[in-house]
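input_3.pdb follows (PDB, C-alpha atoms):
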ATOM      1  CA  MET A  11     -11.645   9.484  15.157  1.00  0.00           C
ATOM      2  CA  ARG A  12     -15.257   9.777  14.049  1.00  0.00           C
ATOM      3  CA  ASN A  13     -16.732  11.994  11.379  1.00  0.00           C
ATOM      4  CA  ARG A  14     -20.036  13.562  10.343  1.00  0.00           C
ATOM      5  CA  ILE A  15     -19.718  12.958   6.600  1.00  0.00           C
ATOM      6  CA  LYS A  16     -22.879  10.858   6.290  1.00  0.00           C
ATOM      7  CA  GLU A  17     -24.967  13.388   8.226  1.00  0.00           C
ATOM      8  CA  LEU A  18     -23.589  16.376   6.286  1.00  0.00           C
ATOM      9  CA  ARG A  19     -23.983  14.572   2.983  1.00  0.00           C
ATOM     10  CA  ALA A  20     -27.676  14.010   3.780  1.00  0.00           C
ATOM     11  CA  ARG A  21     -28.030  17.682   4.754  1.00  0.00           C
ATOM     12  CA  ASP A  22     -26.624  18.797   1.373  1.00  0.00           C
ATOM     13  CA  ASN A  23     -28.445  16.091  -0.628  1.00  0.00           C
ATOM     14  CA  LEU A  24     -25.231  14.589  -1.921  1.00  0.00           C
ATOM     15  CA  THR A  25     -24.770  10.951  -2.851  1.00  0.00           C
ATOM     16  CA  GLN A  26     -21.524   9.147  -2.037  1.00  0.00           C
ATOM     17  CA  LEU A  27     -20.629   9.305  -5.729  1.00  0.00           C
ATOM     18  CA  ASP A  28     -21.330  13.070  -5.884  1.00  0.00           C
ATOM     19  CA  LEU A  29     -19.062  13.732  -2.906  1.00  0.00           C
ATOM     20  CA  ALA A  30     -16.401  11.395  -4.290  1.00  0.00           C
ATOM     21  CA  LYS A  31     -16.372  13.298  -7.594  1.00  0.00           C
ATOM     22  CA  LEU A  32     -16.218  16.663  -5.812  1.00  0.00           C
ATOM     23  CA  VAL A  33     -13.123  15.709  -3.824  1.00  0.00           C
ATOM     24  CA  ASP A  34     -11.612  13.564  -6.610  1.00  0.00           C
ATOM     25  CA  VAL A  35     -11.533  10.207  -4.845  1.00  0.00           C
ATOM     26  CA  ARG A  36     -13.239   6.882  -5.474  1.00  0.00           C
ATOM     27  CA  ARG A  37     -16.724   6.196  -4.048  1.00  0.00           C
ATOM     28  CA  GLU A  38     -15.182   3.303  -2.104  1.00  0.00           C
ATOM     29  CA  THR A  39     -13.043   5.804  -0.169  1.00  0.00           C
ATOM     30  CA  ILE A  40     -16.152   7.717   0.943  1.00  0.00           C
ATOM     31  CA  VAL A  41     -17.733   4.406   2.033  1.00  0.00           C
ATOM     32  CA  PHE A  42     -14.625   3.564   4.111  1.00  0.00           C
ATOM     33  CA  LEU A  43     -14.574   7.066   5.615  1.00  0.00           C
ATOM     34  CA  GLU A  44     -18.234   6.942   6.622  1.00  0.00           C
ATOM     35  CA  LYS A  45     -17.768   3.532   8.233  1.00  0.00           C
ATOM     36  CA  GLY A  46     -14.818   4.906  10.201  1.00  0.00           C
ATOM     37  CA  LYS A  47     -12.526   2.342   8.604  1.00  0.00           C
ATOM     38  CA  TYR A  48     -10.154   4.892   7.164  1.00  0.00           C
ATOM     39  CA  ASN A  49      -8.603   8.097   8.467  1.00  0.00           C
ATOM     40  CA  PRO A  50      -8.143  10.501   5.543  1.00  0.00           C
ATOM     41  CA  SER A  51      -5.040  12.481   4.709  1.00  0.00           C
ATOM     42  CA  LEU A  52      -5.031  16.117   5.827  1.00  0.00           C
ATOM     43  CA  LYS A  53      -5.551  17.208   2.205  1.00  0.00           C
ATOM     44  CA  LEU A  54      -8.645  15.022   1.751  1.00  0.00           C
ATOM     45  CA  ALA A  55     -10.049  16.046   5.147  1.00  0.00           C
ATOM     46  CA  LEU A  56      -9.623  19.732   4.211  1.00  0.00           C
ATOM     47  CA  ASN A  57     -11.245  19.205   0.807  1.00  0.00           C
ATOM     48  CA  ILE A  58     -14.240  17.456   2.381  1.00  0.00           C
ATOM     49  CA  SER A  59     -14.626  20.225   4.989  1.00  0.00           C
ATOM     50  CA  ARG A  60     -14.556  22.854   2.239  1.00  0.00           C
ATOM     51  CA  ILE A  61     -17.321  21.055   0.332  1.00  0.00           C
ATOM     52  CA  PHE A  62     -19.519  21.239   3.452  1.00  0.00           C
ATOM     53  CA  LYS A  63     -18.339  24.824   4.154  1.00  0.00           C
ATOM     54  CA  MET A  64     -17.324  23.878   7.679  1.00  0.00           C
ATOM     55  CA  ARG A  65     -14.166  23.803   9.753  1.00  0.00           C
ATOM     56  CA  ILE A  66     -12.184  20.587   9.642  1.00  0.00           C
ATOM     57  CA  GLU A  67     -12.653  19.959  13.395  1.00  0.00           C
ATOM     58  CA  ASP A  68     -16.435  20.210  12.997  1.00  0.00           C
ATOM     59  CA  VAL A  69     -16.453  17.437  10.387  1.00  0.00           C
ATOM     60  CA  PHE A  70     -13.776  15.178  11.837  1.00  0.00           C
ATOM     61  CA  ILE A  71     -13.991  14.718  15.578  1.00  0.00           C
ATOM     62  CA  PHE A  72     -10.937  13.417  17.353  1.00  0.00           C
ATOM     63  CA  GLU A  73     -11.684  11.417  20.470  1.00  0.00           C
ATOM     64  CA  ASN A  74      -8.993  10.337  22.913  1.00  0.00           C
ATOM     65  CA  GLU A  75      -9.257   6.603  23.518  1.00  0.00           C
TER      66      GLU A  75
ATOM     67  CA  MET B   7      -5.488   3.673 -19.248  1.00  0.00           C
ATOM     68  CA  LYS B   8      -8.479   2.520 -21.285  1.00  0.00           C
ATOM     69  CA  THR B   9      -6.169   0.722 -23.745  1.00  0.00           C
ATOM     70  CA  LYS B  10      -4.588  -1.143 -20.821  1.00  0.00           C
ATOM     71  CA  ARG B  11      -8.012  -2.306 -19.576  1.00  0.00           C
ATOM     72  CA  VAL B  12      -9.084  -3.421 -23.077  1.00  0.00           C
ATOM     73  CA  LEU B  13      -5.803  -5.332 -23.425  1.00  0.00           C
ATOM     74  CA  ILE B  14      -6.320  -7.059 -20.053  1.00  0.00           C
ATOM     75  CA  ILE B  15      -9.835  -8.091 -21.118  1.00  0.00           C
ATOM     76  CA  LEU B  16      -8.578  -9.419 -24.484  1.00  0.00           C
ATOM     77  CA  VAL B  17      -5.672 -11.362 -22.944  1.00  0.00           C
ATOM     78  CA  GLY B  18      -7.977 -12.719 -20.218  1.00  0.00           C
ATOM     79  CA  LEU B  19     -10.582 -13.844 -22.757  1.00  0.00           C
ATOM     80  CA  THR B  20      -7.921 -15.487 -24.956  1.00  0.00           C
ATOM     81  CA  LEU B  21      -6.476 -17.267 -21.920  1.00  0.00           C
ATOM     82  CA  THR B  22      -9.882 -18.505 -20.722  1.00  0.00           C
ATOM     83  CA  PHE B  23     -10.747 -19.689 -24.228  1.00  0.00           C
ATOM     84  CA  THR B  24      -7.387 -21.497 -24.696  1.00  0.00           C
ATOM     85  CA  VAL B  25      -7.617 -23.184 -21.291  1.00  0.00           C
ATOM     86  CA  GLY B  26     -11.206 -24.211 -22.048  1.00  0.00           C
ATOM     87  CA  ILE B  27     -10.199 -25.773 -25.388  1.00  0.00           C
ATOM     88  CA  LEU B  28      -7.170 -27.532 -23.821  1.00  0.00           C
ATOM     89  CA  ALA B  29      -9.237 -28.937 -20.953  1.00  0.00           C
ATOM     90  CA  TYR B  30     -11.978 -30.060 -23.350  1.00  0.00           C
ATOM     91  CA  SER B  31      -9.540 -31.754 -25.770  1.00  0.00           C
ATOM     92  CA  GLN B  32      -7.947 -33.706 -22.883  1.00  0.00           C
ATOM     93  CA  MET B  33     -11.263 -34.425 -21.177  1.00  0.00           C
ATOM     94  CA  GLU B  34     -10.913 -38.239 -21.297  1.00  0.00           C
ATOM     95  CA  GLU B  35      -7.354 -38.633 -20.017  1.00  0.00           C
ATOM     96  CA  ILE B  36      -6.977 -35.407 -17.985  1.00  0.00           C
ATOM     97  CA  GLN B  37      -5.158 -35.790 -14.667  1.00  0.00           C
ATOM     98  CA  PRO B  38      -6.501 -34.122 -11.509  1.00  0.00           C
ATOM     99  CA  LYS B  39      -3.254 -32.110 -11.206  1.00  0.00           C
ATOM    100  CA  MET B  40      -3.675 -30.672 -14.712  1.00  0.00           C
ATOM    101  CA  LEU B  41      -7.330 -29.975 -14.005  1.00  0.00           C
ATOM    102  CA  LEU B  42      -6.267 -27.977 -10.939  1.00  0.00           C
ATOM    103  CA  ILE B  43      -3.744 -25.980 -13.014  1.00  0.00           C
ATOM    104  CA  TYR B  44      -6.348 -25.266 -15.720  1.00  0.00           C
ATOM    105  CA  GLY B  45      -8.805 -24.262 -13.022  1.00  0.00           C
ATOM    106  CA  LEU B  46      -6.293 -21.863 -11.456  1.00  0.00           C
ATOM    107  CA  ILE B  47      -5.501 -20.281 -14.851  1.00  0.00           C
ATOM    108  CA  GLY B  48      -9.218 -19.911 -15.518  1.00  0.00           C
ATOM    109  CA  ILE B  49      -9.854 -18.273 -12.113  1.00  0.00           C
ATOM    110  CA  VAL B  50      -6.976 -15.792 -12.526  1.00  0.00           C
ATOM    111  CA  ALA B  51      -8.125 -14.907 -16.069  1.00  0.00           C
ATOM    112  CA  ILE B  52     -11.771 -14.445 -15.058  1.00  0.00           C
ATOM    113  CA  ILE B  53     -10.822 -12.299 -12.043  1.00  0.00           C
ATOM    114  CA  SER B  54      -8.667 -10.030 -14.226  1.00  0.00           C
ATOM    115  CA  ILE B  55     -11.462  -9.687 -16.823  1.00  0.00           C
ATOM    116  CA  LEU B  56     -14.093  -8.818 -14.184  1.00  0.00           C
ATOM    117  CA  SER B  57     -11.764  -6.376 -12.450  1.00  0.00           C
ATOM    118  CA  ALA B  58     -10.909  -4.641 -15.752  1.00  0.00           C
ATOM    119  CA  ILE B  59     -14.613  -4.359 -16.692  1.00  0.00           C
ATOM    120  CA  LYS B  60     -15.422  -2.891 -13.246  1.00  0.00           C
ATOM    121  CA  LYS B  61     -12.610  -0.345 -13.567  1.00  0.00           C
ATOM    122  CA  MET B  62     -13.793   0.649 -17.063  1.00  0.00           C
ATOM    123  CA  LYS B  63     -17.335   1.202 -15.764  1.00  0.00           C
ATOM    124  CA  GLU B  64     -16.007   3.374 -12.912  1.00  0.00           C
ATOM    125  CA  GLU B  65     -13.847   5.326 -15.340  1.00  0.00           C
ATOM    126  CA  LYS B  66     -16.966   6.058 -17.412  1.00  0.00           C
ATOM    127  CA  GLU B  67     -18.726   7.312 -14.252  1.00  0.00           C
ATOM    128  CA  GLY B  68     -15.929   9.834 -13.873  1.00  0.00           C
ATOM    129  CA  GLN B  69     -14.266   8.238 -10.854  1.00  0.00           C
ATOM    130  CA  PRO B  70     -10.479   8.221 -10.603  1.00  0.00           C
ATOM    131  CA  ILE B  71      -8.861   4.783 -10.933  1.00  0.00           C
ATOM    132  CA  TYR B  72      -6.436   5.413  -8.057  1.00  0.00           C
ATOM    133  CA  ASP B  73      -6.697   7.618  -4.995  1.00  0.00           C
ATOM    134  CA  GLU B  74      -4.986   7.770  -1.581  1.00  0.00           C
ATOM    135  CA  LEU B  75      -6.932   4.805  -0.149  1.00  0.00           C
ATOM    136  CA  THR B  76      -6.413   2.469  -3.127  1.00  0.00           C
ATOM    137  CA  THR B  77      -2.710   3.365  -3.181  1.00  0.00           C
ATOM    138  CA  GLN B  78      -2.386   2.487   0.514  1.00  0.00           C
ATOM    139  CA  ILE B  79      -4.316  -0.772   0.028  1.00  0.00           C
ATOM    140  CA  LYS B  80      -2.107  -1.625  -2.962  1.00  0.00           C
ATOM    141  CA  HIS B  81       1.110  -1.008  -0.987  1.00  0.00           C
ATOM    142  CA  LYS B  82      -0.029  -2.964   2.089  1.00  0.00           C
ATOM    143  CA  ALA B  83      -1.408  -5.875   0.022  1.00  0.00           C
ATOM    144  CA  GLY B  84       1.766  -5.894  -2.092  1.00  0.00           C
ATOM    145  CA  HIS B  85       3.907  -6.180   1.048  1.00  0.00           C
ATOM    146  CA  ASP B  86       1.757  -8.973   2.517  1.00  0.00           C
ATOM    147  CA  ALA B  87       1.655 -10.862  -0.792  1.00  0.00           C
ATOM    148  CA  TYR B  88       5.440 -10.555  -1.151  1.00  0.00           C
ATOM    149  CA  ILE B  89       6.045 -12.123   2.289  1.00  0.00           C
ATOM    150  CA  ALA B  90       3.476 -14.879   1.666  1.00  0.00           C
ATOM    151  CA  SER B  91       5.000 -15.606  -1.770  1.00  0.00           C
ATOM    152  CA  MET B  92       8.454 -15.967  -0.197  1.00  0.00           C
ATOM    153  CA  TYR B  93       7.114 -18.685   2.130  1.00  0.00           C
ATOM    154  CA  MET B  94       5.258 -20.314  -0.766  1.00  0.00           C
ATOM    155  CA  TRP B  95       8.477 -20.528  -2.857  1.00  0.00           C
ATOM    156  CA  LEU B  96      10.353 -21.912   0.157  1.00  0.00           C
ATOM    157  CA  PHE B  97       7.765 -24.697   0.517  1.00  0.00           C
ATOM    158  CA  ILE B  98       7.766 -25.338  -3.231  1.00  0.00           C
ATOM    159  CA  PHE B  99      11.558 -25.863  -3.164  1.00  0.00           C
ATOM    160  CA  LEU B 100      11.360 -27.978  -0.015  1.00  0.00           C
ATOM    161  CA  PHE B 101       8.759 -30.264  -1.632  1.00  0.00           C
ATOM    162  CA  ARG B 102      10.104 -30.081  -5.179  1.00  0.00           C
ATOM    163  CA  ASP B 103      10.025 -33.892  -5.459  1.00  0.00           C
ATOM    164  CA  LEU B 104       6.233 -33.707  -5.580  1.00  0.00           C
ATOM    165  CA  PHE B 105       6.389 -31.981  -8.991  1.00  0.00           C
ATOM    166  CA  PRO B 106       6.894 -34.042 -12.171  1.00  0.00           C
ATOM    167  CA  ASP B 107       9.142 -31.429 -13.837  1.00  0.00           C
ATOM    168  CA  THR B 108      10.622 -27.943 -13.358  1.00  0.00           C
ATOM    169  CA  GLU B 109       8.127 -26.277 -15.749  1.00  0.00           C
ATOM    170  CA  THR B 110       5.162 -27.464 -13.672  1.00  0.00           C
ATOM    171  CA  MET B 111       6.888 -26.332 -10.475  1.00  0.00           C
ATOM    172  CA  VAL B 112       7.723 -22.823 -11.743  1.00  0.00           C
ATOM    173  CA  GLY B 113       4.397 -22.432 -13.583  1.00  0.00           C
ATOM    174  CA  GLY B 114       2.461 -23.513 -10.516  1.00  0.00           C
ATOM    175  CA  GLY B 115       4.478 -21.124  -8.345  1.00  0.00           C
ATOM    176  CA  ILE B 116       3.742 -18.187 -10.647  1.00  0.00           C
ATOM    177  CA  LEU B 117       0.036 -19.032 -10.683  1.00  0.00           C
ATOM    178  CA  LEU B 118      -0.037 -19.342  -6.899  1.00  0.00           C
ATOM    179  CA  SER B 119       1.761 -15.978  -6.599  1.00  0.00           C
ATOM    180  CA  ALA B 120      -1.038 -14.373  -8.628  1.00  0.00           C
ATOM    181  CA  LEU B 121      -3.634 -16.048  -6.421  1.00  0.00           C
ATOM    182  CA  ILE B 122      -1.804 -14.939  -3.236  1.00  0.00           C
ATOM    183  CA  GLY B 123      -1.747 -11.367  -4.578  1.00  0.00           C
ATOM    184  CA  PHE B 124      -5.496 -11.437  -5.152  1.00  0.00           C
ATOM    185  CA  ILE B 125      -6.215 -12.962  -1.722  1.00  0.00           C
ATOM    186  CA  ALA B 126      -3.919 -10.436   0.033  1.00  0.00           C
ATOM    187  CA  LYS B 127      -5.701  -7.553  -1.701  1.00  0.00           C
ATOM    188  CA  THR B 128      -9.117  -8.916  -0.700  1.00  0.00           C
ATOM    189  CA  ILE B 129      -8.062  -9.390   2.953  1.00  0.00           C
ATOM    190  CA  VAL B 130      -6.436  -5.947   3.222  1.00  0.00           C
ATOM    191  CA  ARG B 131      -9.463  -4.297   1.591  1.00  0.00           C
ATOM    192  CA  ARG B 132     -11.780  -6.018   4.063  1.00  0.00           C
ATOM    193  CA  LYS B 133      -9.700  -5.361   7.166  1.00  0.00           C
ATOM    194  CA  PHE B 134      -8.310  -1.945   6.287  1.00  0.00           C
ATOM    195  CA  ASN B 135      -8.432   0.180   9.376  1.00  0.00           C
ATOM    196  CA  GLU B 136      -5.891   2.700  10.589  1.00  0.00           C
ATOM    197  CA  LYS B 137      -6.980   2.311  14.203  1.00  0.00           C
TER     198      LYS B 137
END
Output the file's structure as structure tokens, nothing else.
Amino acid sequence: MRNRIKELRARDNLTQLDLAKLVDVRRETIVFLEKGKYNPSLKLALNISRIFKMRIEDVFIFENE
Amino acid sequence: MKTKRVLIILVGLTLTFTVGILAYSQMEEIQPKMLLIYGLIGIVAIISILSAIKKMKEEKEGQPIYDELTTQIKHKAGHDAYIASMYMWLFIFLFRDLFPDTETMVGGGILLSALIGFIAKTIVRRKFNEK
């Protein structure tokens, strides 16, 4: 699964720390998400999508391997 | 939470200071084995102090101390460290003749458990990937 967090964060002028505070996680978690090293819980994925005012499937893209 | 961090820093500093004084007072006749034990105590104390300071800084920034990722890392590292510690204790009991007394054996085992915990957490953090 890949995501567009980094791109959307740049669009909205948000730092990793800003986004982390908005969704109530640690900055480290955002770093792991952007690197594709961690797949978030449904709750976190929904919260992130809401921050970017987008649908969850437009932020997190599932690719069959 | 802040009280806990301050306590960890205080205990860590006291431990480092005590170990430093002990090592210094025995400088002339210190055995390599004791030096290793003092070194291990010092490393564990310094790591706990640095980690507590880092957490306090992050708390000030308004970041939560735990979230879903840290909880998962903690659980996975805890499991790995538990298994590794079991093997370590098995080897300690198999080679118990190498230790001069029971206190050194148990103390060394406890110190190594702490070190294994730290190493497991570092490895899991570095390799964490749900894929």
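Across B:Leu75, B:Leu21, B:Met94, B:Leu42, the tightest approach to Ile122 of chain B is made by B:Met94 when counting all atoms listed in the file.
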What is the atom CA of Gly115 of chain B-atom CA of Phe101 of chain B distance in Å, reported with one decimal?
->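 Interatomic distance here is 12.1 Å.
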Considering all atoms listed in the file, give me a table of residues in segment 22-136 of chain B that are at most 8 Å from segment 28-34 of chain A, with the closest atom pair and distance in Å for each, as a tab-separated table.
residue	atom	partner	partner_atom	distance
B:Gly68	CA	A:Lys31	CA	7.2
B:Gln69	CA	A:Lys31	CA	6.4
B:Pro70	CA	A:Asp34	CA	6.8
B:Asp73	CA	A:Asp34	CA	7.9
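Shortest atom-to-atom contact with chain A among B:Thr20, B:Ser119, B:Thr9, B:Thr76: B:Thr76, counting only C-alpha atoms.
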Contact residues around Asp68 of chain A with all atoms listed in the file at 10 Å, ignoring same-chain residues under 4 positions, as a PDB file with C-alpha atoms, keeping the file's coordinate frame:
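The new file result-v9.pdb reads:
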ATOM      1  CA  ASN A  13     -16.732  11.994  11.379  1.00  0.00           C
ATOM      2  CA  ARG A  14     -20.036  13.562  10.343  1.00  0.00           C
ATOM      3  CA  SER A  59     -14.626  20.225   4.989  1.00  0.00           C
ATOM      4  CA  MET A  64     -17.324  23.878   7.679  1.00  0.00           C
ATOM      5  CA  PHE A  72     -10.937  13.417  17.353  1.00  0.00           C
TER       6      PHE A  72
END
Have a look at atom CA of Ala90 of chain B and atom CA of Leu56 of chain B and let me know their distance in Å, one decimal.
->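 Atom CA of Leu56 of chain B lies at a distance of 24.4 Å from atom CA of Ala90 of chain B.
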Find the residues of chain B in contact range of chain A, meaning any atom within 12 Å when counting only C-alpha atoms, and list them as JSON, numbers by chain.
-> {"B": [61, 64, 65, 67, 68, 69, 70, 71, 72, 73, 74, 75, 76, 77, 78, 79, 130, 131, 132, 133, 134, 135, 136, 137]}
Taking the file above as input, evaluate the PyMOL selection byres ((chain B and resi 29) around 12) and report the hits as a PyMOL selection string.
-> chain B and resi 22-28+30-45+47-48
Using all atoms listed in the file, which residues sit within 6 Å of Ala87 of chain B once same-chain residues fewer than 4 positions away are excluded, as a PyMOL selection string?
-> chain B and resi 83+91+122-123+126
Emit the selected residues as a short mmCIF file (atom, residue, chain, number, x, y, z; two decimals), keeping the file's coordinate frame, including C-alpha atoms.
data_model
loop_
_atom_site.label_atom_id
_atom_site.label_comp_id
_atom_site.auth_asym_id
_atom_site.auth_seq_id
_atom_site.Cartn_x
_atom_site.Cartn_y
_atom_site.Cartn_z
CA ALA B 83 -1.41 -5.88 0.02
CA SER B 91 5.00 -15.61 -1.77
CA ILE B 122 -1.80 -14.94 -3.24
CA GLY B 123 -1.75 -11.37 -4.58
CA ALA B 126 -3.92 -10.44 0.03
#
Hey, could you pull the box centre and edge lengths for segment 117-123 of chain B, axis-aligned, 6 Å padding per side, all listed atoms, to one decimal in Å, as lines of an AutoDock Vina configuration file?
center_x = -0.9
center_y = -15.4
center_z = -7.0
size_x = 17.4
size_y = 20.0
size_z = 19.4
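Take atom CA of Tyr93 of chain B and atom CA of His81 of chain B: the distance between them is 18.9 Å.
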Would you mind telling me which residue in B:Met62, B:Lys82, B:Leu46, B:Ile55 lies nearest to Ile116 of chain B when using all atoms listed in the file?
->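 For Ile116 of chain B, the nearest of the given residues is B:Leu46.
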